[in-house]
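**Student:** One structure is given below, represented as structure tokens, and several questions about it will come after.
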Amino acid sequence: MKETNKSDHQFFAETPSDVIDFFDTSVSNGLSADQYQSGLREHGENRLKESEPVKPAKVFFEQFKSVVILVLLAAAVIALLFQEWVEGIAIGAVLIVNTLIGFFTEWKAARSMEALQKIDRDTIRVRRDGNEQEVESTTLIPGDIIILEGGDLVPADIRLTEANNLRVNESALTGESVPVLKTTDTSDEEAVLSERTSMLYKGTVITDGSGEGVVTATGMGTELGNISELAEEAEKDATPLQKKLDNLGRKLAWITIAIAVLIAIAGLIVGQDPRIMIETAIALGVAAIPEGLPIVATIALARGMYVMAKKNVLINKLQAVETLGATGLIFTDKTGTLTENHMTLRSVNTPVDHIQLEENKGTNDADELSASLSQLLKASVLCNNASITDDDDDQIAEDEQGDPTETALLRAGLWFNIERDDLLNELPEVREVSFDSDTMMMATVHESDDQYYVAVKGAPEKVLNACTTQMSEDGDSESELTEKDKEQWKERSVEMANKGLRLLAIADKTVSDSDEEPYEELRFLGLTGLLDPARSDVKDAISQCHSAGIRVIMVTGDQGPTASAIAYDTGISDDKDADYIHSSDLESPKEMDDSRKSKVLNTNIFARVSPQQKLQLVKMMQNNGFTVAMTGDGVNDAPALKKADIGVAMGKRGTDAARQIADMVLLDDAFTSIVTAVKYGRIIFDNIRKSVMFMLCTNVA
């Protein structure tokens, strides 16, 4: 098999046949036994590099890295040497208590990347030497032909050779909130990770459909391996309090030496016994050191951890408490942090009505709807294979199964008491034409007396091209859909998309034969616009951040217009059409001129951002003097979470890798909890500063 050099090949931009030729493999037979053994020797097992286990001794001795602690340690040793037992024992006790508190609070967070290793432990179907077999995912090598179905965890980076209605949840890797439809079509060479629809990536999950593909990378050569490596390399700087205490420690050391020297010289000048004066000078120098300083700081931080736990904020690392108080910039994800994390029908455009919907579950009646809106909702509920339970307990996500856009349509029907089960009793389904990447449409066929009702939904342009008429005002009759009408609808769909809405067009028709072609001579019913809406409490929380001098920046894997719309709704931006920077326009800092750097530093919205770019943005802001907090929930967020001054992971929807590497975890995934934590952090920081001033004054005196 040929030697694979990923840097020279963008497999997503190459045809399946070119990729197969490159790896000298075969779709029907896979690799031969000799090819496999040779490849295994070259590439090794399909595993992420396991980080060395963190030893308890290392965590223990790291508690002594502070200059203040070292000064106190020296003072304790000197005090004991000169038989100042009370002083020496007191300082020693402080050091022991402080070290134990720091050790036990940080030990459980030390094994940050172990969760990534779990992704390797799975089995997968593979075609080798002409036989289909099930193997451990760790045995895969580049060139293997993989067979995938719904529910499978993608075990390696794979170039698709076949895709049947294949949808993949890539949220852990890209931040994209909706399952992505995959095809075998080549992607553009400049396509960012979330737009490479011909590739599957290690660590993502198949939600629907099936497919086959050729493995292009394994282990540390995968995108997930690259993220793991970035996370390992990312180094967190000392916290603001650590820097201040270390600076104070250095000054205390010089003050202690100066006091000892001055006292000794003064005593010798007036003729005192040299030995007594040296002992006195050292004793006074030791007394000048505020031995209570580290334990006061540690207890204040530990108390802060306890208080914040009651506010849905779990602190993993002690220093994170005070870092919160110094935070001047928050990088926040969009989905689930600023938004509700479920798609909702927000806008409906029929040939008659233009309606903005608000979530108003169970308070409307279908009889009160206009005929056109009622018909559109019924068609969208019928042309659907998701399910939703209406139990009125507001636990929406727990009661839904299926594609988020489809559950959103079902939920909108429930607002007006239009239930799919009731409709199916009237119009039993006899056939479903699944969504196809070529037609970009889905259809269901229903028995209706002696005829058949066909409900269709799909991409606006595709649906419009299949329509010849459009619905009239009464909801039953129709009028001609001219080419001019189609162009106007397409323009309207662009306007809606620019507002951040995900669009579906709805159409229907009645036929005499259930096997009739579903995508011809349709009646156009209208456009639906769906959005993952902003949390109701986020706007006020962001306003509090701005009032406190904290800048909030959205960094998302979603599309730019969607990010811009949510930024306006939440108050991150005051402009409805706020500027955003797409990941394809975010070059490395070395390639930026001054004006470009200035734009990046002053932009508050970044879309389709890769893990490397998140890390790059954190570093840029830190280099410009900001104390940075970064929120995240996926494996892709791990490097930036580790590098940020304070990494904030999501407790409900966050991956193990994100939660373990973060400094704090939001148990409710709410942005408002970050604001609460920052407020308490500032109070704690202020209390520590007051304590330091008090002890310095009394001890030096």
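Residue numbers start at 1 in each chain; chains themselves are named A, B, ... in the order of the structure tokens; ligands are numbered from 1 in the order shown.
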Which residues, written as a PyMOL selection string, have at least one atom at most 9 Å from segment 478-487 of chain A, with only C-alpha atoms counted and residues fewer than 3 positions away on the same chain left out?

**Tutor:** chain A and resi 461+464-465+467-475+490-492+523-524

**Student:** Just C-alpha atoms for this one: save the residues we selected as a JSON list (two decimals), in the first residue's frame.

**Tutor:**
[["chain", "number", "residue", "atom", "x", "y", "z"],
["A", 461, "GLU", "CA", -35.58, 25.79, -4.52],
["A", 464, "LEU", "CA", -40.56, 25.28, -5.96],
["A", 465, "ASN", "CA", -39.16, 23.73, -9.12],
["A", 467, "CYS", "CA", -44.58, 22.94, -8.16],
["A", 468, "THR", "CA", -46.95, 24.14, -10.88],
["A", 469, "THR", "CA", -49.61, 25.75, -8.67],
["A", 470, "GLN", "CA", -49.87, 27.49, -5.31],
["A", 471, "MET", "CA", -52.50, 27.44, -2.60],
["A", 472, "SER", "CA", -55.33, 29.94, -2.73],
["A", 473, "GLU", "CA", -56.88, 31.80, 0.18],
["A", 474, "ASP", "CA", -59.44, 29.14, 1.07],
["A", 475, "GLY", "CA", -56.71, 26.54, 1.60],
["A", 490, "LYS", "CA", -36.76, 32.21, -3.90],
["A", 491, "GLU", "CA", -35.90, 35.82, -3.05],
["A", 492, "ARG", "CA", -38.08, 35.58, 0.06],
["A", 523, "ARG", "CA", -49.19, 22.67, -5.09],
["A", 524, "PHE", "CA", -46.93, 25.07, -3.18]]

**Student:** Write out as a PyMOL selection string each polymer residue whose atoms come within 6 Å of Val635 of chain A, counting only C-alpha atoms; drop sequence neighbours fewer than 4 positions from it.

**Tutor:** chain A and resi 172-173+657-658

**Student:** Let me make sure I understand: among A:Val454, A:Leu248, A:Leu100, A:Ala371, which one has the smallest atom-to-atom distance to Phe60 of chain A if we use only C-alpha atoms?

**Tutor:**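 Counting only C-alpha atoms, the residue closest to Phe60 of chain A is A:Leu100.
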
**Student:** What lies within 9 Å of segment 179-195 of chain A using only C-alpha atoms, ignoring chain neighbours under 6 positions off, as an MDAnalysis selection string?

**Tutor:** chainID A and resid 10:16 159:171 173 206:208 403:404 437 557:558 583:584 608:610

**Student:** Which neighbours of Leu615 of chain A fall inside 9 Å, counting only C-alpha atoms, when residues of the same chain fewer than 4 positions from it are skipped, and could you give them as an mmCIF file with C-alpha atoms, in the first residue's frame?

**Tutor:**
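result_28.cif, written as the output of this step:
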data_model
loop_
_atom_site.group_PDB
_atom_site.id
_atom_site.type_symbol
_atom_site.label_atom_id
_atom_site.label_comp_id
_atom_site.auth_asym_id
_atom_site.auth_seq_id
_atom_site.Cartn_x
_atom_site.Cartn_y
_atom_site.Cartn_z
ATOM 1 C CA LEU A 230 -3.635 20.500 20.656
ATOM 2 C CA ALA A 234 -2.012 23.922 25.346
ATOM 3 C CA SER A 610 -12.377 25.069 13.992
ATOM 4 C CA PRO A 611 -10.665 23.843 17.216
ATOM 5 C CA LYS A 619 -4.229 33.248 22.636
ATOM 6 C CA MET A 620 -4.800 36.498 20.701
ATOM 7 C CA ASP A 637 -13.471 22.682 22.583
ATOM 8 C CA PRO A 639 -7.723 22.763 23.524
ATOM 9 C CA ALA A 640 -9.318 26.200 23.989
ATOM 10 C CA LEU A 641 -10.851 25.194 27.346
ATOM 11 C CA LYS A 643 -5.626 27.282 27.305
ATOM 12 C CA ALA A 644 -8.220 29.811 28.518
#

**Student:** Write out as number ranges by chain the residues lying within 12 Å of Gly267 of chain A, counting only C-alpha atoms and excluding same-chain residues fewer than 3 positions away.

**Tutor:** A: 260-264, 270-281

**Student:** Which residue gives the smallest distance to Asn384 of chain A among A:Leu314, A:Val456, A:Ala75, A:Leu427, with only C-alpha atoms counted?

**Tutor:**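 Ranked by minimum distance to Asn384 of chain A, first place goes to A:Val456.
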
**Student:** What's the 10 Å shell around segment 130-139 of chain A, counting only C-alpha atoms, without same-chain residues fewer than 4 positions away, as a compact mmCIF listing (two decimals) with N, CA and C atoms, in the first residue's frame?

**Tutor:**
# COMPACT_ATOMS: atom_id res chain seq x y z
N SER A 26 -10.01 -1.75 -2.69
CA SER A 26 -11.15 -2.09 -3.54
C SER A 26 -12.43 -2.02 -2.72
N VAL A 27 -13.47 -1.37 -3.27
CA VAL A 27 -14.73 -1.26 -2.55
C VAL A 27 -15.34 -2.63 -2.31
N SER A 28 -15.26 -3.51 -3.29
CA SER A 28 -15.91 -4.82 -3.18
C SER A 28 -15.12 -5.82 -2.34
N ASN A 29 -13.79 -5.69 -2.33
CA ASN A 29 -12.96 -6.68 -1.63
C ASN A 29 -12.21 -6.11 -0.42
N GLY A 30 -11.99 -4.81 -0.40
CA GLY A 30 -11.20 -4.23 0.67
C GLY A 30 -9.72 -4.53 0.49
N LEU A 31 -8.96 -4.35 1.56
CA LEU A 31 -7.53 -4.65 1.52
C LEU A 31 -7.29 -6.15 1.56
N SER A 32 -6.22 -6.58 0.93
CA SER A 32 -5.83 -7.99 1.03
C SER A 32 -5.16 -8.22 2.38
N ALA A 33 -4.99 -9.48 2.74
CA ALA A 33 -4.37 -9.82 4.03
C ALA A 33 -2.95 -9.27 4.10
N TYR A 36 -3.06 -5.50 4.53
CA TYR A 36 -3.45 -5.13 5.90
C TYR A 36 -2.29 -5.26 6.87
N LEU A 40 -0.68 -2.23 8.93
CA LEU A 40 -0.71 -2.22 10.40
C LEU A 40 0.68 -1.95 10.96
N GLY A 44 0.34 1.37 12.80
CA GLY A 44 0.06 1.02 14.18
C GLY A 44 -1.43 0.96 14.44
N GLU A 45 -1.79 0.76 15.70
CA GLU A 45 -3.20 0.63 16.07
C GLU A 45 -3.92 1.96 15.98
N ASN A 46 -5.23 1.85 15.76
CA ASN A 46 -6.09 3.03 15.66
C ASN A 46 -6.46 3.51 17.06
N ARG A 47 -5.49 4.13 17.72
CA ARG A 47 -5.70 4.63 19.08
C ARG A 47 -5.21 6.06 19.19
N LEU A 48 -5.86 6.81 20.04
CA LEU A 48 -5.34 8.12 20.40
C LEU A 48 -4.20 7.91 21.39
N ILE A 119 -13.36 6.55 23.23
CA ILE A 119 -13.86 6.56 21.86
C ILE A 119 -13.26 5.40 21.06
N ASP A 120 -12.11 4.91 21.47
CA ASP A 120 -11.44 3.84 20.73
C ASP A 120 -12.08 2.47 20.97
N ARG A 121 -12.86 2.31 22.03
CA ARG A 121 -13.32 0.99 22.43
C ARG A 121 -14.67 0.68 21.81
N ASP A 122 -14.64 0.08 20.60
CA ASP A 122 -15.87 -0.22 19.90
C ASP A 122 -15.56 -1.24 18.81
N THR A 123 -16.62 -1.86 18.24
CA THR A 123 -16.44 -2.76 17.11
C THR A 123 -17.10 -2.16 15.89
N ILE A 124 -16.66 -2.59 14.70
CA ILE A 124 -17.17 -2.01 13.46
C ILE A 124 -17.12 -3.06 12.36
N ARG A 125 -18.00 -2.92 11.38
CA ARG A 125 -17.99 -3.85 10.24
C ARG A 125 -17.02 -3.34 9.18
N VAL A 126 -16.21 -4.26 8.67
CA VAL A 126 -15.18 -3.90 7.70
C VAL A 126 -15.12 -4.97 6.62
N ASP A 144 -8.85 0.65 4.72
CA ASP A 144 -9.93 -0.28 5.06
C ASP A 144 -11.26 0.25 4.52
N ILE A 145 -12.13 -0.67 4.08
CA ILE A 145 -13.48 -0.31 3.64
C ILE A 145 -14.44 -0.56 4.80
N ILE A 146 -15.12 0.49 5.24
CA ILE A 146 -15.97 0.46 6.42
C ILE A 146 -17.45 0.47 6.01
N ILE A 147 -18.28 -0.28 6.74
CA ILE A 147 -19.72 -0.31 6.51
C ILE A 147 -20.40 0.25 7.76
N LEU A 153 -20.79 4.57 16.10
CA LEU A 153 -19.81 5.60 16.40
C LEU A 153 -18.73 5.53 15.32
N VAL A 154 -18.46 6.64 14.66
CA VAL A 154 -17.48 6.65 13.57
C VAL A 154 -16.10 6.39 14.17
N PRO A 155 -15.40 5.32 13.72
CA PRO A 155 -14.17 4.90 14.39
C PRO A 155 -12.89 5.52 13.85
N ALA A 156 -12.97 6.21 12.71
CA ALA A 156 -11.78 6.79 12.09
C ALA A 156 -12.24 7.88 11.13
N THR A 218 -6.22 7.24 10.82
CA THR A 218 -6.52 6.55 12.07
C THR A 218 -5.71 7.18 13.21
N GLY A 219 -6.12 6.85 14.45
CA GLY A 219 -5.36 7.28 15.63
C GLY A 219 -5.10 8.77 15.68

**Student:** Have a look at A:Thr672, A:Gln375, A:Asn636, A:Thr407 and name the one nearest to Ile506 of chain A; count only C-alpha atoms.

**Tutor:**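 Nearest candidate to Ile506 of chain A out of A:Thr672, A:Gln375, A:Asn636, A:Thr407: A:Gln375.
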
**Student:** Counting only C-alpha atoms, what is within 12 Å of Ser573 of chain A, bar same-chain residues fewer than 4 positions away, as an mmCIF file with C-alpha atoms, in the first residue's frame?

**Tutor:**
data_model
loop_
_atom_site.group_PDB
_atom_site.id
_atom_site.type_symbol
_atom_site.label_atom_id
_atom_site.label_comp_id
_atom_site.auth_asym_id
_atom_site.auth_seq_id
_atom_site.Cartn_x
_atom_site.Cartn_y
_atom_site.Cartn_z
ATOM 1 C CA LYS A 539 -30.160 39.001 27.290
ATOM 2 C CA ILE A 542 -25.205 39.691 28.869
ATOM 3 C CA SER A 543 -26.365 43.195 29.770
ATOM 4 C CA HIS A 546 -21.449 44.695 29.665
ATOM 5 C CA ARG A 551 -16.956 41.631 26.834
ATOM 6 C CA VAL A 552 -18.946 38.680 25.420
ATOM 7 C CA ILE A 553 -17.908 37.040 22.115
ATOM 8 C CA MET A 554 -19.854 34.275 20.350
ATOM 9 C CA ALA A 563 -25.041 33.370 14.721
ATOM 10 C CA SER A 564 -25.670 37.018 13.806
ATOM 11 C CA ALA A 565 -29.423 36.676 14.477
ATOM 12 C CA ILE A 566 -28.857 35.103 17.916
ATOM 13 C CA ALA A 567 -26.201 37.736 18.729
ATOM 14 C CA TYR A 568 -28.805 40.444 18.144
ATOM 15 C CA ASP A 569 -31.515 38.611 20.128
ATOM 16 C CA ASP A 577 -27.141 42.464 10.594
ATOM 17 C CA ALA A 578 -24.005 42.420 12.696
ATOM 18 C CA ASP A 579 -20.711 41.632 10.997
ATOM 19 C CA TYR A 580 -19.234 38.221 11.662
ATOM 20 C CA ASN A 602 -12.938 43.965 17.719
ATOM 21 C CA THR A 603 -15.372 41.416 16.242
ATOM 22 C CA ASN A 604 -17.886 39.754 18.564
ATOM 23 C CA ILE A 605 -19.178 36.960 16.291
#

**Student:** At what distance in Å, to one decimal, does atom CA of Leu530 of chain A lie from atom CA of Leu414 of chain A?

**Tutor:**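 Pair atom CA of Leu414 of chain A / atom CA of Leu530 of chain A returns 15.6 Å.
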
**Student:** Which residue out of A:Leu338, A:Thr631, A:Gly651, A:Gly549 has the minimum interatomic distance to Ser536 of chain A when only C-alpha atoms are used?

**Tutor:** A:Leu338

**Student:** According to DSSP computed on the backbone, where in segment 155-281 of chain A is there strand (DSSP E or B)? Give the residues as a ChimeraX atom specification.

**Tutor:** /A:157-169,180-182,199-200,205-217

**Student:** How would the residues just chosen look if you wrote them out with N, CA and C atoms as a PDB file, in the first residue's frame?

**Tutor:**
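In the end it all went to part_2.pdb:
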ATOM      1  N   ASP A 157     -11.316   8.593  10.505  1.00  0.00           N
ATOM      2  CA  ASP A 157     -11.689   9.543   9.458  1.00  0.00           C
ATOM      3  C   ASP A 157     -11.932   8.760   8.181  1.00  0.00           C
ATOM      4  N   ILE A 158     -13.072   8.999   7.533  1.00  0.00           N
ATOM      5  CA  ILE A 158     -13.519   8.158   6.424  1.00  0.00           C
ATOM      6  C   ILE A 158     -14.003   9.020   5.257  1.00  0.00           C
ATOM      7  N   ARG A 159     -13.548   8.685   4.038  1.00  0.00           N
ATOM      8  CA  ARG A 159     -14.087   9.306   2.812  1.00  0.00           C
ATOM      9  C   ARG A 159     -15.205   8.408   2.311  1.00  0.00           C
ATOM     10  N   LEU A 160     -16.420   8.965   2.210  1.00  0.00           N
ATOM     11  CA  LEU A 160     -17.578   8.169   1.817  1.00  0.00           C
ATOM     12  C   LEU A 160     -17.508   7.737   0.358  1.00  0.00           C
ATOM     13  N   THR A 161     -17.865   6.483   0.118  1.00  0.00           N
ATOM     14  CA  THR A 161     -18.010   5.978  -1.248  1.00  0.00           C
ATOM     15  C   THR A 161     -19.470   5.674  -1.553  1.00  0.00           C
ATOM     16  N   GLU A 162     -20.287   5.590  -0.485  1.00  0.00           N
ATOM     17  CA  GLU A 162     -21.725   5.347  -0.639  1.00  0.00           C
ATOM     18  C   GLU A 162     -22.436   5.980   0.541  1.00  0.00           C
ATOM     19  N   ALA A 163     -23.561   6.661   0.276  1.00  0.00           N
ATOM     20  CA  ALA A 163     -24.322   7.305   1.353  1.00  0.00           C
ATOM     21  C   ALA A 163     -25.802   7.195   1.052  1.00  0.00           C
ATOM     22  N   ASN A 164     -26.554   6.578   1.958  1.00  0.00           N
ATOM     23  CA  ASN A 164     -27.995   6.407   1.799  1.00  0.00           C
ATOM     24  C   ASN A 164     -28.716   7.152   2.915  1.00  0.00           C
ATOM     25  N   ASN A 165     -29.163   8.371   2.587  1.00  0.00           N
ATOM     26  CA  ASN A 165     -29.837   9.208   3.586  1.00  0.00           C
ATOM     27  C   ASN A 165     -29.042   9.254   4.886  1.00  0.00           C
ATOM     28  N   LEU A 166     -27.740   9.427   4.751  1.00  0.00           N
ATOM     29  CA  LEU A 166     -26.815   9.346   5.882  1.00  0.00           C
ATOM     30  C   LEU A 166     -26.716  10.684   6.606  1.00  0.00           C
ATOM     31  N   ARG A 167     -27.091  10.685   7.875  1.00  0.00           N
ATOM     32  CA  ARG A 167     -27.001  11.892   8.699  1.00  0.00           C
ATOM     33  C   ARG A 167     -26.092  11.611   9.891  1.00  0.00           C
ATOM     34  N   VAL A 168     -25.304  12.613  10.241  1.00  0.00           N
ATOM     35  CA  VAL A 168     -24.291  12.427  11.283  1.00  0.00           C
ATOM     36  C   VAL A 168     -24.362  13.570  12.294  1.00  0.00           C
ATOM     37  N   ASN A 169     -24.348  13.206  13.562  1.00  0.00           N
ATOM     38  CA  ASN A 169     -24.267  14.194  14.635  1.00  0.00           C
ATOM     39  C   ASN A 169     -22.794  14.537  14.856  1.00  0.00           C
ATOM     40  N   VAL A 180     -25.927  16.439  10.276  1.00  0.00           N
ATOM     41  CA  VAL A 180     -25.497  16.862   8.949  1.00  0.00           C
ATOM     42  C   VAL A 180     -25.759  15.764   7.930  1.00  0.00           C
ATOM     43  N   LEU A 181     -26.356  16.135   6.790  1.00  0.00           N
ATOM     44  CA  LEU A 181     -26.584  15.179   5.712  1.00  0.00           C
ATOM     45  C   LEU A 181     -25.273  14.979   4.959  1.00  0.00           C
ATOM     46  N   LYS A 182     -24.869  13.713   4.819  1.00  0.00           N
ATOM     47  CA  LYS A 182     -23.612  13.398   4.151  1.00  0.00           C
ATOM     48  C   LYS A 182     -23.871  12.838   2.750  1.00  0.00           C
ATOM     49  N   MET A 199     -17.053  13.592   4.080  1.00  0.00           N
ATOM     50  CA  MET A 199     -16.184  12.954   5.078  1.00  0.00           C
ATOM     51  C   MET A 199     -16.951  12.630   6.359  1.00  0.00           C
ATOM     52  N   LEU A 200     -16.541  11.543   6.995  1.00  0.00           N
ATOM     53  CA  LEU A 200     -16.963  11.236   8.359  1.00  0.00           C
ATOM     54  C   LEU A 200     -15.728  11.321   9.246  1.00  0.00           C
ATOM     55  N   VAL A 205     -21.248  10.559  15.448  1.00  0.00           N
ATOM     56  CA  VAL A 205     -22.225   9.469  15.559  1.00  0.00           C
ATOM     57  C   VAL A 205     -23.182   9.476  14.371  1.00  0.00           C
ATOM     58  N   ILE A 206     -23.414   8.292  13.778  1.00  0.00           N
ATOM     59  CA  ILE A 206     -24.398   8.143  12.702  1.00  0.00           C
ATOM     60  C   ILE A 206     -25.791   8.157  13.327  1.00  0.00           C
ATOM     61  N   THR A 207     -26.630   9.123  12.938  1.00  0.00           N
ATOM     62  CA  THR A 207     -27.981   9.199  13.501  1.00  0.00           C
ATOM     63  C   THR A 207     -29.017   8.521  12.618  1.00  0.00           C
ATOM     64  N   ASP A 208     -28.847   8.592  11.290  1.00  0.00           N
ATOM     65  CA  ASP A 208     -29.798   7.995  10.359  1.00  0.00           C
ATOM     66  C   ASP A 208     -29.059   7.490   9.135  1.00  0.00           C
ATOM     67  N   GLY A 209     -29.723   6.530   8.444  1.00  0.00           N
ATOM     68  CA  GLY A 209     -29.208   6.073   7.162  1.00  0.00           C
ATOM     69  C   GLY A 209     -28.061   5.083   7.289  1.00  0.00           C
ATOM     70  N   SER A 210     -27.398   4.877   6.172  1.00  0.00           N
ATOM     71  CA  SER A 210     -26.278   3.946   6.131  1.00  0.00           C
ATOM     72  C   SER A 210     -25.283   4.413   5.080  1.00  0.00           C
ATOM     73  N   GLY A 211     -24.108   3.803   5.077  1.00  0.00           N
ATOM     74  CA  GLY A 211     -23.105   4.192   4.096  1.00  0.00           C
ATOM     75  C   GLY A 211     -21.874   3.321   4.164  1.00  0.00           C
ATOM     76  N   GLU A 212     -20.996   3.540   3.209  1.00  0.00           N
ATOM     77  CA  GLU A 212     -19.704   2.866   3.173  1.00  0.00           C
ATOM     78  C   GLU A 212     -18.637   3.902   2.848  1.00  0.00           C
ATOM     79  N   GLY A 213     -17.415   3.587   3.225  1.00  0.00           N
ATOM     80  CA  GLY A 213     -16.341   4.519   2.921  1.00  0.00           C
ATOM     81  C   GLY A 213     -14.983   3.898   3.134  1.00  0.00           C
ATOM     82  N   VAL A 214     -13.962   4.628   2.711  1.00  0.00           N
ATOM     83  CA  VAL A 214     -12.584   4.169   2.859  1.00  0.00           C
ATOM     84  C   VAL A 214     -11.912   4.975   3.965  1.00  0.00           C
ATOM     85  N   VAL A 215     -11.252   4.288   4.872  1.00  0.00           N
ATOM     86  CA  VAL A 215     -10.561   4.949   5.984  1.00  0.00           C
ATOM     87  C   VAL A 215      -9.389   5.761   5.422  1.00  0.00           C
ATOM     88  N   THR A 216      -9.331   7.039   5.771  1.00  0.00           N
ATOM     89  CA  THR A 216      -8.242   7.900   5.291  1.00  0.00           C
ATOM     90  C   THR A 216      -7.237   8.232   6.387  1.00  0.00           C
ATOM     91  N   ALA A 217      -7.639   8.096   7.651  1.00  0.00           N
ATOM     92  CA  ALA A 217      -6.712   8.388   8.757  1.00  0.00           C
ATOM     93  C   ALA A 217      -7.173   7.656  10.007  1.00  0.00           C
TER      94      ALA A 217
END

**Student:** Please extract the residues of segment 384-563 of chain A with a backbone DSSP assignment of helix (DSSP H, G or I) and present them as a ChimeraX atom specification.

**Tutor:** /A:396-399,404-415,420-426,460-466,483-497,538-547,560-563

**Student:** Between atom CA of Thr197 of chain A and atom CA of Met343 of chain A, measure the distance and give it in Å to one decimal.

**Tutor:**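 According to the coordinates, atom CA of Thr197 of chain A and atom CA of Met343 of chain A are separated by 21.6 Å.
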
**Student:** For a test of reading the model, state the distance in Å between atom CA of Asp476 of chain A and atom CA of Ile388 of chain A, rounded to one decimal.

**Tutor:** 28.0 Å
